[in-house]
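**Student:** The file below is target_34.txt, compact mmCIF, C-alpha atoms:
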```txt
# COMPACT_ATOMS: atom_id res chain seq x y z
CA MET A 289 58.24 -50.11 41.72
CA ILE A 290 56.26 -52.13 39.27
CA GLY A 291 52.67 -52.63 38.21
CA ASN A 292 51.20 -55.32 36.01
CA ASP A 293 47.84 -56.25 34.55
CA ILE A 294 46.65 -59.20 32.51
CA VAL A 295 43.49 -59.52 30.44
CA ASP A 296 41.99 -62.85 29.38
CA LEU A 297 40.53 -61.77 26.04
CA ALA A 298 37.94 -64.54 25.89
CA ARG A 299 36.70 -63.67 29.36
CA ALA A 300 36.73 -59.94 28.60
CA LYS A 301 34.59 -60.59 25.54
CA ILE A 302 31.94 -62.21 27.72
CA ASP A 303 32.08 -59.90 30.72
CA SER A 304 32.78 -56.49 29.25
CA ASP A 305 30.98 -55.07 26.29
CA TRP A 306 33.16 -52.09 25.50
CA LEU A 307 30.96 -51.19 22.56
CA ARG A 308 28.19 -50.48 25.04
CA PRO A 309 27.12 -46.82 25.05
CA ARG A 310 29.28 -44.64 27.30
CA TRP A 311 31.81 -47.41 28.06
CA VAL A 312 34.65 -45.83 26.11
CA ASN A 313 33.80 -42.39 27.48
CA LYS A 314 34.28 -43.62 31.04
CA ALA A 315 37.45 -45.54 30.31
CA PHE A 316 39.32 -43.52 27.70
CA THR A 317 40.24 -39.92 26.96
CA GLN A 318 39.44 -38.50 23.52
CA LYS A 319 42.99 -39.16 22.32
CA GLU A 320 42.75 -42.79 23.43
CA GLN A 321 39.34 -43.18 21.82
CA ASP A 322 40.99 -42.05 18.58
CA PHE A 323 43.64 -44.78 18.93
CA VAL A 324 40.85 -47.31 19.18
CA LYS A 325 38.95 -45.89 16.21
CA ARG A 326 42.07 -46.03 14.03
CA SER A 327 43.05 -49.59 15.03
CA GLU A 328 42.59 -52.59 12.85
CA ASP A 329 42.06 -54.81 15.87
CA LYS A 330 39.98 -52.67 18.19
CA ASP A 331 39.60 -55.37 20.86
CA GLN A 332 43.37 -55.59 21.23
CA MET A 333 43.74 -51.82 21.40
CA VAL A 334 40.99 -51.43 23.99
CA TRP A 335 42.52 -54.01 26.30
CA ARG A 336 46.05 -52.85 25.66
CA LEU A 337 45.11 -49.33 26.77
CA TRP A 338 43.11 -50.62 29.70
CA SER A 339 45.92 -52.87 30.95
CA MET A 340 48.39 -49.99 30.58
CA LYS A 341 46.21 -47.79 32.79
CA GLU A 342 45.58 -50.46 35.38
CA SER A 343 49.25 -51.42 35.64
CA ALA A 344 50.24 -47.73 35.87
CA TYR A 345 47.76 -47.30 38.69
CA LYS A 346 49.20 -50.30 40.56
CA CYS A 347 52.68 -48.87 40.08
CA SER A 348 51.58 -45.46 41.34
CA VAL A 349 50.09 -46.74 44.59
CA GLN A 350 53.46 -48.17 45.56
CA ARG A 351 54.89 -44.66 45.56
CA LYS A 352 52.02 -42.73 47.02
CA SER A 353 48.58 -43.41 48.27
CA PHE A 354 46.04 -42.67 45.58
CA GLY A 355 42.30 -42.58 45.78
CA ARG A 356 40.59 -45.35 43.91
CA PHE A 357 41.32 -45.82 40.27
CA ASN A 358 39.97 -43.17 37.90
CA PRO A 359 40.73 -44.38 34.36
CA LEU A 360 40.56 -40.91 32.82
CA ASN A 361 43.28 -39.78 35.18
CA PHE A 362 45.79 -42.03 33.44
CA GLU A 363 46.40 -41.09 29.81
CA CYS A 364 48.20 -43.44 27.43
CA SER A 365 50.51 -42.59 24.55
CA LEU A 366 51.86 -45.27 22.25
CA ILE A 367 55.53 -45.40 21.24
CA ASN A 368 55.31 -48.54 19.12
CA SER A 369 53.39 -51.80 19.07
CA ASN A 370 54.63 -52.83 22.52
CA GLU A 371 55.89 -49.75 24.28
CA GLY A 372 53.93 -46.92 25.67
CA ILE A 373 53.88 -44.04 28.11
CA ILE A 374 51.22 -43.20 30.65
CA HIS A 375 50.78 -39.78 32.22
CA SER A 376 48.91 -39.20 35.44
CA ASP A 377 48.95 -35.85 37.21
CA ASN A 378 52.68 -35.06 37.19
CA LEU A 379 53.79 -38.68 37.05
CA LYS A 380 55.16 -40.46 33.99
CA PHE A 381 55.19 -44.23 33.52
CA TYR A 382 56.72 -46.53 30.92
CA SER A 383 54.93 -49.69 29.87
CA THR A 384 55.53 -52.75 27.79
CA THR A 385 52.58 -54.74 26.49
CA TYR A 386 52.60 -58.28 25.17
CA SER A 387 49.63 -58.91 22.93
CA ALA A 388 48.65 -62.46 22.07
CA LYS A 389 45.48 -64.01 20.68
CA SER A 390 44.31 -65.13 24.08
CA SER A 391 45.66 -62.49 26.42
CA ILE A 392 47.15 -59.06 26.79
CA TYR A 393 49.77 -58.39 29.45
CA SER A 394 51.22 -55.04 30.47
CA THR A 395 53.99 -54.20 32.88
CA THR A 396 54.61 -50.62 33.92
CA THR A 397 57.40 -48.90 35.81
CA PHE A 398 58.68 -45.40 36.48
CA THR A 399 61.87 -45.87 34.44
CA ARG A 400 62.47 -46.50 30.78
CA LYS A 401 64.96 -49.30 31.39
CA PRO A 402 63.43 -51.17 34.28
CA SER A 403 64.84 -54.18 35.95
CA PHE A 404 62.28 -56.71 37.03
CA PHE A 405 61.27 -60.32 36.65
CA SER A 406 57.81 -61.28 35.52
CA ARG A 407 56.02 -64.53 34.83
CA ILE A 408 52.61 -65.41 33.44
CA ILE A 409 50.87 -68.48 34.80
CA GLY A 410 48.00 -70.14 33.03
CA SER A 411 45.42 -71.58 35.35
CA ASP A 412 42.86 -74.27 34.87
CA ASP A 413 39.27 -73.53 35.73
CA SER A 414 40.01 -72.68 39.34
CA SER A 415 38.17 -70.17 41.43
CA ALA A 416 39.58 -66.68 41.71
CA PHE A 417 40.58 -67.55 45.26
CA GLN A 418 42.58 -70.62 44.17
CA THR A 419 44.21 -68.74 41.29
CA SER A 420 45.25 -65.95 43.61
CA LYS A 421 46.62 -68.40 46.17
CA LYS A 422 48.64 -70.29 43.56
CA LEU A 423 50.01 -67.06 42.09
CA LYS A 424 51.34 -65.96 45.47
CA GLU A 425 52.84 -69.40 46.10
CA GLU A 426 54.66 -69.32 42.76
CA LEU A 427 56.06 -65.87 43.50
CA LEU A 428 57.26 -66.93 46.94
CA ILE A 429 58.95 -69.98 45.39
CA TYR A 430 60.73 -67.66 42.95
CA ILE A 431 61.84 -65.32 45.74
CA SER A 432 63.00 -68.20 47.88
CA GLN A 433 64.98 -69.87 45.08
CA ASN A 434 66.50 -66.73 43.60
CA MET A 435 67.08 -64.59 46.65
CA GLY A 436 67.87 -67.26 49.17
CA TYR A 437 65.03 -66.70 51.62
CA ASP A 438 63.58 -69.54 53.66
CA ILE A 439 60.17 -70.02 52.06
CA CYS A 440 58.56 -70.99 55.35
CA LYS A 441 59.14 -67.48 56.64
CA LEU A 442 57.92 -65.68 53.53
CA GLU A 443 54.46 -64.22 53.30
CA ILE A 444 52.55 -61.86 51.02
CA LYS A 445 50.17 -59.46 52.71
CA LYS A 446 48.29 -56.41 51.52
CA SER A 447 48.98 -53.01 53.03
CA LEU A 448 46.25 -50.64 54.16
CA GLN A 449 46.25 -49.23 50.64
CA LYS A 450 45.74 -52.80 49.41
CA VAL A 451 49.24 -52.97 47.87
CA PRO A 452 50.70 -56.50 48.05
CA GLN A 453 53.97 -56.65 50.00
CA VAL A 454 56.48 -59.33 50.88
CA PHE A 455 57.16 -60.08 54.53
CA PHE A 456 60.04 -62.15 55.83
CA ASP A 457 59.89 -63.44 59.36
CA GLY A 458 57.05 -61.02 60.10
CA ARG A 459 58.95 -57.96 58.87
CA LYS A 460 58.20 -56.06 55.69
CA THR A 461 60.92 -56.34 53.05
CA ASP A 462 61.87 -53.70 50.45
CA MET A 463 60.72 -55.84 47.58
CA THR A 464 58.11 -54.34 45.30
CA ILE A 465 55.78 -56.73 43.59
CA SER A 466 52.63 -56.70 41.54
CA LEU A 467 50.00 -59.39 41.06
CA THR A 468 47.24 -59.74 38.53
CA HIS A 469 44.75 -62.35 37.45
CA HIS A 470 41.85 -62.47 35.07
CA GLY A 471 40.07 -65.54 33.75
CA ARG A 472 42.56 -68.24 32.75
CA PHE A 473 45.67 -66.16 33.38
CA SER A 474 47.59 -64.73 36.26
CA ALA A 475 50.97 -63.08 36.50
CA TYR A 476 53.44 -61.75 39.01
CA ALA A 477 56.18 -59.17 38.65
CA ILE A 478 58.96 -58.33 41.07
CA SER A 479 61.46 -55.46 40.86
CA GLU A 480 65.06 -56.42 40.96
CA MET B 132 14.39 -44.43 47.44
CA GLU B 133 14.73 -46.38 50.67
CA LYS B 134 18.18 -47.65 51.47
CA GLU B 135 17.06 -51.30 51.42
CA LYS B 136 15.78 -50.90 47.88
CA VAL B 137 19.05 -49.29 46.76
CA ILE B 138 21.06 -52.11 48.36
CA ALA B 139 18.84 -54.74 46.74
CA LYS B 140 19.32 -53.18 43.31
CA LEU B 141 23.08 -52.83 43.88
CA LYS B 142 23.32 -56.47 44.88
CA SER B 143 21.62 -57.63 41.72
CA ILE B 144 23.96 -55.47 39.64
CA VAL B 145 27.25 -56.62 41.18
CA GLU B 146 26.19 -60.26 41.42
CA LEU B 147 27.22 -60.75 37.79
CA TYR B 148 30.82 -59.75 38.48
CA VAL B 149 31.38 -61.05 42.00
CA GLN B 150 34.16 -63.61 42.47
CA ASP B 151 33.74 -64.18 46.19
CA GLN B 152 30.33 -65.71 46.87
CA GLU B 153 30.74 -65.71 50.64
CA ALA B 154 31.50 -61.99 50.73
CA PHE B 155 28.50 -61.40 48.48
CA ASN B 156 26.20 -63.39 50.75
CA ASN B 157 27.42 -61.36 53.72
CA LEU B 158 27.24 -58.06 51.88
CA SER B 159 26.99 -55.08 54.19
CA GLU B 160 27.56 -51.34 53.86
CA ASP B 161 31.24 -51.80 54.58
CA THR B 162 31.76 -54.33 51.83
CA ASP B 163 34.44 -53.20 49.38
CA PHE B 164 33.78 -53.98 45.71
CA ILE B 165 37.32 -54.85 44.68
CA ASN B 166 38.88 -56.20 47.86
CA ASP B 167 35.92 -58.06 49.38
CA LEU B 168 33.75 -59.00 46.41
CA LYS B 169 36.85 -59.49 44.25
CA ILE B 170 35.25 -57.79 41.28
CA ASN B 171 37.85 -57.59 38.55
CA SER B 172 39.07 -54.10 37.76
CA ALA B 173 38.15 -54.70 34.14
CA ASN B 174 34.49 -54.81 35.22
CA LEU B 175 34.49 -51.52 37.12
CA VAL B 176 33.23 -49.56 34.15
CA ASP B 177 30.49 -52.13 33.55
CA VAL B 178 29.29 -51.87 37.14
CA ILE B 179 29.13 -48.08 36.94
CA LEU B 180 27.19 -48.22 33.67
CA ASP B 181 24.76 -50.77 35.13
CA VAL B 182 24.21 -48.50 38.15
CA GLU B 183 23.61 -45.52 35.87
CA ASP B 184 21.05 -47.48 33.84
CA GLU B 185 19.30 -49.04 36.83
CA PHE B 186 18.83 -45.78 38.72
CA ASP B 187 18.57 -43.56 35.66
CA ILE B 188 21.41 -41.30 36.83
CA ARG B 189 24.80 -40.23 35.54
CA ILE B 190 28.00 -40.79 37.51
CA GLU B 191 31.01 -38.65 36.65
CA ASN B 192 34.49 -40.09 36.87
CA ASP B 193 35.31 -38.10 40.01
CA ASP B 194 32.43 -39.87 41.73
CA MET B 195 33.46 -43.16 40.18
CA GLU B 196 36.77 -42.87 41.96
CA LYS B 197 34.97 -42.72 45.31
CA MET B 198 32.63 -45.64 44.67
CA THR B 199 34.74 -48.26 46.33
CA SER B 200 32.30 -49.67 48.86
CA VAL B 201 28.59 -50.35 49.17
CA LYS B 202 28.24 -47.41 51.57
CA ALA B 203 29.99 -45.03 49.17
CA ALA B 204 27.85 -46.26 46.28
CA ILE B 205 24.64 -45.71 48.26
CA ASN B 206 25.71 -42.15 49.10
CA ILE B 207 26.52 -41.27 45.51
CA ILE B 208 23.33 -42.86 44.18
CA ASP B 209 21.28 -40.99 46.80
CA GLU B 210 22.97 -37.73 45.90
CA LYS B 211 22.27 -38.21 42.20
CA LEU B 212 18.64 -39.26 42.77
CA LYS B 213 17.98 -36.19 44.93
CA ALA B 214 19.47 -33.94 42.26
CA LYS B 215 17.00 -35.14 39.65
```
Before anything else, please render the file you have as structure tokens.

**Tutor:**
Amino acid sequence: MIGNDIVDLARAKIDSDWLRPRWVNKAFTQKEQDFVKRSEDKDQMVWRLWSMKESAYKCSVQRKSFGRFNPLNFECSLINSNEGIIHSDNLKFYSTTYSAKSSIYSTTTFTRKPSFFSRIIGSDDSSAFQTSKKLKEELLIYISQNMGYDICKLEIKKSLQKVPQVFFDGRKTDMTISLTHHGRFSAYAISE
Amino acid sequence: MEKEKVIAKLKSIVELYVQDQEAFNNLSEDTDFINDLKINSANLVDVILDVEDEFDIRIENDDMEKMTSVKAAINIIDEKLKAK
């Protein structure tokens, strides 16, 4: 099982004003708010924590059906500059975050030494619909080329819980995947 | 507040974050914020704060979790307005 989440920092700067009153209270626990306060680059920390939570949530819905995402229900701890742990109820997740000037990307799994493949795709100024379509196509190409499936029979559909799943010849496969896009970036991850 | 007024205010709030114009134009009570309107998860907190400011109410995170559709949002807003 795997969850991922990407943040286009330029887009986040325009759309989300995290300095707005009450924003951090809704998104972060007190401990997490302290991480932000103590950080040199607060923007990076805010979006790192957020992407950790979101990717942990996406990972969790593959195991059990959750209600909608409640950010305070997922608490982040930081191991080092890339690795972290997220706790939610009695679940524990491990995440890795790649922080760059333009984007932040987190992948989260249930195990400390996960085995998955992930790829970030930069998009031009396409609509969210086009970006999403292209992302799925790229993932299906990867699956077809690396796992030997006939691409014409591969399809990605969302379950009732809105979890993306891979279907081959109309039947659901065991593959677990995660998709994310925000602004100029999108990414897929697939468990191996 | 009449339902139509609540919906109108909700529409103007989410419009900023909507990534599916067609779904927005056809907005109904069953419209889902994330899956139909394609509002990015990063904007969820912003939407909630805008709703709080617009209706002068406070939405706790337990309620936030339930606010997935227009219908659910209307119910929570109604509940909070009545409690004032």

**Student:** Select residues of chain B: the criterion is any atom within 12 Å of an atom of chain A, counting all atoms listed in the file; output as a ChimeraX atom specification.

**Tutor:** /B:145,147-154,163-181,183-184,189-200,203

**Student:** I'd like the interatomic distance between atom CA of Val454 of chain A and atom CA of Ser466 of chain A, to a tenth of an Å.

**Tutor:**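 A separation of 10.4 Å between them.
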
**Student:** What is the distance between atom CA of Arg407 of chain A and atom CA of Gln453 of chain A, in Å to one decimal?

**Tutor:**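 A separation of 17.2 Å between them.
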
**Student:** For the atom pair atom CA of Ile408 of chain A and atom CA of Asp296 of chain A, what is the interatomic distance in Å to one decimal place?

**Tutor:**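 Going from atom CA of Ile408 of chain A over to atom CA of Asp296 of chain A, I get 11.7 Å.
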
**Student:** Of the candidates A:Ser343, A:Phe405, A:Ser327, A:Gly291, which shows the shortest atom-to-atom distance to Ser369 of chain A, using only C-alpha atoms?

**Tutor:**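 Of all the options, A:Ser327 lies closest to Ser369 of chain A.
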
**Student:** Closest to Ala139 of chain B among B:Ala214, B:Val201, B:Asp161, B:Ile207, using all atoms listed in the file?

**Tutor:**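 Closest to Ala139 of chain B of all the choices is B:Val201.
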
**Student:** Residues within 6 Å of (49.3, -49.7, 29.5), file coordinates, counting all atoms listed in the file: what are they? Give the list as a compact mmCIF listing (two decimals) with C-alpha atoms, keeping the file's coordinate frame.

**Tutor:**
```
# COMPACT_ATOMS: atom_id res chain seq x y z
CA ARG A 336 46.05 -52.85 25.66
CA LEU A 337 45.11 -49.33 26.77
CA SER A 339 45.92 -52.87 30.95
CA MET A 340 48.39 -49.99 30.58
CA LYS A 341 46.21 -47.79 32.79
CA SER A 383 54.93 -49.69 29.87
CA SER A 394 51.22 -55.04 30.47
```

**Student:** Please return, as a list of chain:residue names, all polymer residues that have at least one atom within 10 Å of the point (56.3, -66.1, 43.3); use only C-alpha atoms and the file's own coordinate frame.

**Tutor:**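 Here the neighbourhood of the point contains A:Ser406, A:Arg407, A:Lys422, A:Leu423, A:Lys424, A:Glu425, A:Glu426, A:Leu427, A:Leu428, A:Ile429, A:Tyr430, A:Ile431, A:Ser432, A:Gln433, A:Ile444, A:Ile465, A:Leu467, A:Ala475, A:Tyr476, A:Ala477, A:Ile478.
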
**Student:** Step by step, gather every atom of segment 141-159 of chain B that the file lists, find the box along x, y and z that holds them, add 8 Å on each side, and finally give centre and edge lengths in Å to one decimal, as JSON.

**Tutor:**
```
{"center_x": 27.9, "center_y": -59.3, "center_z": 46.0, "size_x": 28.5, "size_y": 28.9, "size_z": 32.4}
```

**Student:** When distances are computed from only C-alpha atoms, which of A:Phe404, A:Phe398, A:Tyr393, A:Phe455 shows the smallest separation from Glu480 of chain A?

**Tutor:**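 Between A:Phe404, A:Phe398, A:Tyr393, A:Phe455, the residue approaching Glu480 of chain A most closely is A:Phe404.
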
**Student:** Give the answer as one residue: which of A:Val349, A:Ile373, A:Ala298, A:Met333 has the shortest atom-to-atom distance to Thr464 of chain A, using all atoms listed in the file?

**Tutor:**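 Answer, going by the shortest atom-to-atom distance: A:Val349.
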
**Student:** As a PDB file, in the frame of the given file, could you write out segment 422-443 of chain A once it has been completed with N, CA, C and O atoms?

**Tutor:**
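Saved file rebuild_15.pdb follows:
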```
ATOM      1  N   LYS A 422      47.571 -69.628  44.319  1.00  0.00           N
ATOM      2  CA  LYS A 422      48.640 -70.290  43.560  1.00  0.00           C
ATOM      3  C   LYS A 422      49.651 -69.258  43.055  1.00  0.00           C
ATOM      4  O   LYS A 422      50.851 -69.483  43.079  1.00  0.00           O
ATOM      5  N   LEU A 423      49.142 -68.121  42.605  1.00  0.00           N
ATOM      6  CA  LEU A 423      50.010 -67.060  42.090  1.00  0.00           C
ATOM      7  C   LEU A 423      50.996 -66.612  43.164  1.00  0.00           C
ATOM      8  O   LEU A 423      52.202 -66.485  42.933  1.00  0.00           O
ATOM      9  N   LYS A 424      50.480 -66.397  44.368  1.00  0.00           N
ATOM     10  CA  LYS A 424      51.340 -65.960  45.470  1.00  0.00           C
ATOM     11  C   LYS A 424      52.358 -67.039  45.810  1.00  0.00           C
ATOM     12  O   LYS A 424      53.529 -66.748  46.075  1.00  0.00           O
ATOM     13  N   GLU A 425      51.923 -68.289  45.795  1.00  0.00           N
ATOM     14  CA  GLU A 425      52.840 -69.400  46.100  1.00  0.00           C
ATOM     15  C   GLU A 425      53.980 -69.441  45.093  1.00  0.00           C
ATOM     16  O   GLU A 425      55.142 -69.598  45.461  1.00  0.00           O
ATOM     17  N   GLU A 426      53.631 -69.278  43.816  1.00  0.00           N
ATOM     18  CA  GLU A 426      54.660 -69.320  42.760  1.00  0.00           C
ATOM     19  C   GLU A 426      55.663 -68.183  42.945  1.00  0.00           C
ATOM     20  O   GLU A 426      56.869 -68.358  42.748  1.00  0.00           O
ATOM     21  N   LEU A 427      55.159 -67.006  43.298  1.00  0.00           N
ATOM     22  CA  LEU A 427      56.060 -65.870  43.500  1.00  0.00           C
ATOM     23  C   LEU A 427      56.981 -66.114  44.689  1.00  0.00           C
ATOM     24  O   LEU A 427      58.185 -65.843  44.631  1.00  0.00           O
ATOM     25  N   LEU A 428      56.430 -66.659  45.754  1.00  0.00           N
ATOM     26  CA  LEU A 428      57.260 -66.930  46.940  1.00  0.00           C
ATOM     27  C   LEU A 428      58.318 -67.998  46.633  1.00  0.00           C
ATOM     28  O   LEU A 428      59.450 -67.917  47.117  1.00  0.00           O
ATOM     29  N   ILE A 429      57.968 -68.962  45.808  1.00  0.00           N
ATOM     30  CA  ILE A 429      58.950 -69.980  45.390  1.00  0.00           C
ATOM     31  C   ILE A 429      60.077 -69.298  44.620  1.00  0.00           C
ATOM     32  O   ILE A 429      61.266 -69.551  44.862  1.00  0.00           O
ATOM     33  N   TYR A 430      59.723 -68.388  43.720  1.00  0.00           N
ATOM     34  CA  TYR A 430      60.730 -67.660  42.950  1.00  0.00           C
ATOM     35  C   TYR A 430      61.641 -66.863  43.883  1.00  0.00           C
ATOM     36  O   TYR A 430      62.875 -66.908  43.760  1.00  0.00           O
ATOM     37  N   ILE A 431      61.054 -66.142  44.808  1.00  0.00           N
ATOM     38  CA  ILE A 431      61.840 -65.320  45.740  1.00  0.00           C
ATOM     39  C   ILE A 431      62.763 -66.200  46.569  1.00  0.00           C
ATOM     40  O   ILE A 431      63.948 -65.918  46.750  1.00  0.00           O
ATOM     41  N   SER A 432      62.217 -67.295  47.051  1.00  0.00           N
ATOM     42  CA  SER A 432      63.000 -68.200  47.880  1.00  0.00           C
ATOM     43  C   SER A 432      64.175 -68.774  47.108  1.00  0.00           C
ATOM     44  O   SER A 432      65.310 -68.778  47.573  1.00  0.00           O
ATOM     45  N   GLN A 433      63.935 -69.226  45.873  1.00  0.00           N
ATOM     46  CA  GLN A 433      64.980 -69.870  45.080  1.00  0.00           C
ATOM     47  C   GLN A 433      66.005 -68.879  44.552  1.00  0.00           C
ATOM     48  O   GLN A 433      67.181 -69.204  44.439  1.00  0.00           O
ATOM     49  N   ASN A 434      65.587 -67.677  44.232  1.00  0.00           N
ATOM     50  CA  ASN A 434      66.500 -66.730  43.600  1.00  0.00           C
ATOM     51  C   ASN A 434      67.136 -65.734  44.552  1.00  0.00           C
ATOM     52  O   ASN A 434      68.112 -65.094  44.223  1.00  0.00           O
ATOM     53  N   MET A 435      66.523 -65.564  45.716  1.00  0.00           N
ATOM     54  CA  MET A 435      67.080 -64.590  46.650  1.00  0.00           C
ATOM     55  C   MET A 435      67.504 -65.231  47.959  1.00  0.00           C
ATOM     56  O   MET A 435      67.900 -64.544  48.888  1.00  0.00           O
ATOM     57  N   GLY A 436      67.368 -66.530  48.001  1.00  0.00           N
ATOM     58  CA  GLY A 436      67.870 -67.260  49.170  1.00  0.00           C
ATOM     59  C   GLY A 436      67.099 -67.099  50.465  1.00  0.00           C
ATOM     60  O   GLY A 436      67.664 -67.221  51.548  1.00  0.00           O
ATOM     61  N   TYR A 437      65.807 -66.811  50.386  1.00  0.00           N
ATOM     62  CA  TYR A 437      65.030 -66.700  51.620  1.00  0.00           C
ATOM     63  C   TYR A 437      64.389 -68.046  51.946  1.00  0.00           C
ATOM     64  O   TYR A 437      64.000 -68.798  51.058  1.00  0.00           O
ATOM     65  N   ASP A 438      64.251 -68.334  53.218  1.00  0.00           N
ATOM     66  CA  ASP A 438      63.580 -69.540  53.660  1.00  0.00           C
ATOM     67  C   ASP A 438      62.076 -69.363  53.374  1.00  0.00           C
ATOM     68  O   ASP A 438      61.420 -68.495  53.953  1.00  0.00           O
ATOM     69  N   ILE A 439      61.555 -70.202  52.507  1.00  0.00           N
ATOM     70  CA  ILE A 439      60.170 -70.020  52.060  1.00  0.00           C
ATOM     71  C   ILE A 439      59.153 -70.108  53.187  1.00  0.00           C
ATOM     72  O   ILE A 439      58.082 -69.496  53.126  1.00  0.00           O
ATOM     73  N   CYS A 440      59.501 -70.847  54.232  1.00  0.00           N
ATOM     74  CA  CYS A 440      58.560 -70.990  55.350  1.00  0.00           C
ATOM     75  C   CYS A 440      58.336 -69.681  56.084  1.00  0.00           C
ATOM     76  O   CYS A 440      57.340 -69.504  56.789  1.00  0.00           O
ATOM     77  N   LYS A 441      59.275 -68.758  55.925  1.00  0.00           N
ATOM     78  CA  LYS A 441      59.140 -67.480  56.640  1.00  0.00           C
ATOM     79  C   LYS A 441      58.670 -66.353  55.733  1.00  0.00           C
ATOM     80  O   LYS A 441      58.599 -65.199  56.152  1.00  0.00           O
ATOM     81  N   LEU A 442      58.377 -66.694  54.473  1.00  0.00           N
ATOM     82  CA  LEU A 442      57.920 -65.680  53.530  1.00  0.00           C
ATOM     83  C   LEU A 442      56.402 -65.606  53.486  1.00  0.00           C
ATOM     84  O   LEU A 442      55.712 -66.625  53.546  1.00  0.00           O
ATOM     85  N   GLU A 443      55.903 -64.390  53.352  1.00  0.00           N
ATOM     86  CA  GLU A 443      54.460 -64.220  53.300  1.00  0.00           C
ATOM     87  C   GLU A 443      54.121 -62.991  52.454  1.00  0.00           C
ATOM     88  O   GLU A 443      54.880 -62.027  52.434  1.00  0.00           O
TER      89      GLU A 443
END
```
